[in-house]
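Just below is one structure, and these are the notes that go with it.
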2 protein chains.
Amino acid sequence: MNPKIEKLIKQFAKLPRVGNRAARRIVLDLLQDKTGRIDKLVAALNDANESVCPCPVCGVLTDRTMGTCEYCRDVSRANGMLCLVRDFSDVWTLEKSGVFNGRYHILGGMLSGISGITPDDLNIKNLPQRILDEHINEIIFALPNTVEGKTTQQYIISTLTNTNVRFTELASGVPLGGDLDYIDDGTLSLAFGGRRIL
Amino acid sequence: MNPKIEKLIKQFAKLPRVGNRAARRIVLDLLQDKTGRIDKLVAALNDANESVCPCPVCGVLTDRTMGTCEYCRDVSRANGMLCLVRDFSDVWTLEKSGVFNGRYHILGGMLSGISGITPDDLNIKNLPQRILDEHINEIIFALPNTVEGKTTQQYIISTLTNTNVRFTELASGVPLGGDLDYIDDGTLSLAFGGRRIL
């Protein structure tokens with residue numbers, strides 16, 4: 001196979017949710033396309049790469065020229081609530097649902113011994129300062145409901161014990177429309193433990 | 001959302017086998033990456049785009065500077081057999097299996113009324129010339145086993161009736177390891193029609 005095609009396939013195969021077969025398909029499609037899709041893709045990649053950077057306060061991806069992000073600039077969101085999430089896609093998910101209208105803080109990962117992610121790798125250094133500056137009274141942990149998520153949550157709480165902030169986490173249980181047949185034992189156990197009186 | 005991020009997501013979502021959610025994930029991963037993956041991807045895209053073109057004889061993607069492709073240059077493949085496939089990925093699939101060692105001819109699509117693909121859109125103009133030049137005595141149709149594939153096959157045979165070439169197609173039937181429970185009626189019907197005496 002042509003080494004330049006092979007190289008391009010390898011680059012695509014490194015992308016999340018793209019396997020070797022899909023990368024091959026993508027590259028063949030692009031190389032056989034006559035409408036200039038490669039040029040458009042390259043232009044969009046360069047454009048986003050040059051103009052987008054993480055917000056220095058919360059980590060949300062934003063326009064480099066704007067300083068802070070749209071959420072940090074929005075004074076109506078200064079309601080004392082700070083939602084901690086793993087990455088930027090969680091912000092999108094929450095924004096789409098419209099359930100939260102405070103500020104965000106992106107950790108950029110979860111503590112993990114296996115992947116070698118330590119507290120130094122997480123975006124947590126400026127949390128105490130944010131709590132003071134933005135008069136935060138509630139930190140909502142919207143982290144993955146996994147061992148890593150809970151470990152990270154516990155670690156962050158332990159570093160913020162001398163603050164007056166309330167810590168909350170999202171409820172665990174059976175998802176809406178969830179059929180018990182398809183729910184794992186861990187979720188069932190959490191749902192039973194947290195059962196509500198009717 | 002930042003319009004430049006949105007634009008990039010749209011470009012990725014247009015790629016085959018990449019939906020909106022995967023495109024979002026890919027773009028976030030790339031933009032949050034600190035190892036220069038975007039630059040590497042852009043370089044590989046530009047490099048392949050500039051140096052790769054279809055072989056003027058058979059349509060296989062090849063190096064622009066080489067003239068014809070590796071299969072057309074390989075004299076050991078001049079064995080009188082020509083395998084007609086839909087696109088380049090089929091060549092890879094066949095090459096990986098090692099079942100064929102003749103030459104290829106990429107049609108670039110299948111005749112389709114719905115998609116508006118006519119004979120003019122297919123790479124078939126030089127087929128009579130190839131048959132003469134390369135002393136082809138067998139044309140193997142390795143096209144998709146679909147209505148479009150069979151229509152295309154019939155059309156091509158009808159345009160080559162005044163040649164002395166033998167036309168063959170891949171056998172239809174139950175795939176190796178195939179469980180009858182999971183095989184559709186059409187395949188079962190073909191498998192029964194083509195049953196072999198033991």
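Residues in the structure tokens are named by chain (A, B, ... in the order shown) and by number from 1 within that chain; ligands are numbered from 1 in the order shown.
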
For chain B versus chain A, which residues have an atom no more than 7 Å away, and what is each residue's nearest atom pair and distance in Å rounded to one decimal, using only C-alpha atoms, chain-then-number order, as a Markdown table?
```
| residue | atom | partner | partner_atom | distance |
| --- | --- | --- | --- | --- |
| B:Asn2 | CA | A:Thr62 | CA | 6.5 |
| B:Lys4 | CA | A:Ala48 | CA | 5.3 |
| B:Ile5 | CA | A:Ala48 | CA | 5.9 |
| B:Lys7 | CA | A:Ala44 | CA | 6.6 |
| B:Leu8 | CA | A:Ala44 | CA | 5.1 |
| B:Gln11 | CA | A:Leu41 | CA | 5.8 |
| B:Leu15 | CA | A:Ile26 | CA | 5.9 |
| B:Pro16 | CA | A:Ile26 | CA | 5.7 |
| B:Arg17 | CA | A:Ala22 | CA | 6.3 |
| B:Ala22 | CA | A:Arg17 | CA | 6.3 |
| B:Arg25 | CA | A:Pro16 | CA | 6.8 |
| B:Ile26 | CA | A:Pro16 | CA | 5.7 |
| B:Leu31 | CA | A:Asn49 | CA | 6.5 |
| B:Ile38 | CA | A:Leu45 | CA | 6.9 |
| B:Leu41 | CA | A:Gln11 | CA | 5.9 |
| B:Val42 | CA | A:Val42 | CA | 5.7 |
| B:Ala44 | CA | A:Leu8 | CA | 5.1 |
| B:Leu45 | CA | A:Leu8 | CA | 6.3 |
| B:Asp47 | CA | A:Lys4 | CA | 6.9 |
| B:Ala48 | CA | A:Lys4 | CA | 5.3 |
| B:Asn49 | CA | A:Leu31 | CA | 6.5 |
| B:Thr62 | CA | A:Asn2 | CA | 6.4 |
| B:Asp63 | CA | A:Asn2 | CA | 6.9 |
```

If you keep C-alpha atoms, can you produce a file of those selected residues as a PDB file, in the first residue's frame?
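This went into result_21.pdb:
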```pdb
ATOM      1  CA  ASN B   2     -17.767  28.441  19.333  1.00  0.00           C
ATOM      2  CA  LYS B   4     -15.066  27.439  14.590  1.00  0.00           C
ATOM      3  CA  ILE B   5     -15.462  24.318  16.716  1.00  0.00           C
ATOM      4  CA  LYS B   7     -17.563  24.094  11.697  1.00  0.00           C
ATOM      5  CA  LEU B   8     -14.844  21.537  12.399  1.00  0.00           C
ATOM      6  CA  GLN B  11     -16.529  18.555   8.588  1.00  0.00           C
ATOM      7  CA  LEU B  15     -16.891  11.483   7.002  1.00  0.00           C
ATOM      8  CA  PRO B  16     -18.195   7.941   6.492  1.00  0.00           C
ATOM      9  CA  ARG B  17     -18.958   5.986   9.693  1.00  0.00           C
ATOM     10  CA  ALA B  22     -18.299  10.762  17.315  1.00  0.00           C
ATOM     11  CA  ARG B  25     -15.741  13.530  20.597  1.00  0.00           C
ATOM     12  CA  ILE B  26     -12.995  13.611  17.950  1.00  0.00           C
ATOM     13  CA  LEU B  31      -8.491  20.494  20.444  1.00  0.00           C
ATOM     14  CA  ILE B  38      -3.840  18.331  14.682  1.00  0.00           C
ATOM     15  CA  LEU B  41      -3.171  15.059  10.880  1.00  0.00           C
ATOM     16  CA  VAL B  42      -3.077  18.180   8.699  1.00  0.00           C
ATOM     17  CA  ALA B  44      -0.676  13.689   6.589  1.00  0.00           C
ATOM     18  CA  LEU B  45      -3.832  14.961   4.848  1.00  0.00           C
ATOM     19  CA  ASP B  47       0.799  14.968   1.930  1.00  0.00           C
ATOM     20  CA  ALA B  48      -1.583  12.233   0.763  1.00  0.00           C
ATOM     21  CA  ASN B  49      -3.778  14.729  -1.086  1.00  0.00           C
ATOM     22  CA  THR B  62      -1.271   5.239  -6.408  1.00  0.00           C
ATOM     23  CA  ASP B  63       1.673   7.620  -6.223  1.00  0.00           C
TER      24      ASP B  63
END
```

Spatial neighbours of Glu148 of chain B, 9 Å, only C-alpha atoms, chain gap at least 2 places, as a PyMOL selection string
chain B and resi 110-113+144-146+150-153

Can you pull out the residues contacting Leu170 of chain B? Cut-off 7 Å, using only C-alpha atoms, and skip same-chain residues under 2 positions away; I want them as a list in words.
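Once the nearby chain positions are removed, what remains is Phe141, Ala142, Thr168 and Ser172 of chain B.
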
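Take atom CA of Gly98 of chain A and atom CA of Cys58 of chain A: the distance between them is 18.8 Å.
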
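Between atom CA of Ala13 of chain B and atom CA of Thr118 of chain B the interatomic distance comes to 27.6 Å.
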
From a DSSP calculation on the backbone, collect every residue of segment 13-197 of chain A in alpha helix (DSSP H) and output the set as number ranges by chain.
A: 13, 20-32, 37-51, 70-73, 88-97, 127-133, 147-159, 185-193

Please compute the atom CA of Ile131 of chain B-atom CA of Val165 of chain B distance, one decimal, in Å.
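Going from atom CA of Ile131 of chain B over to atom CA of Val165 of chain B, I get 8.0 Å.
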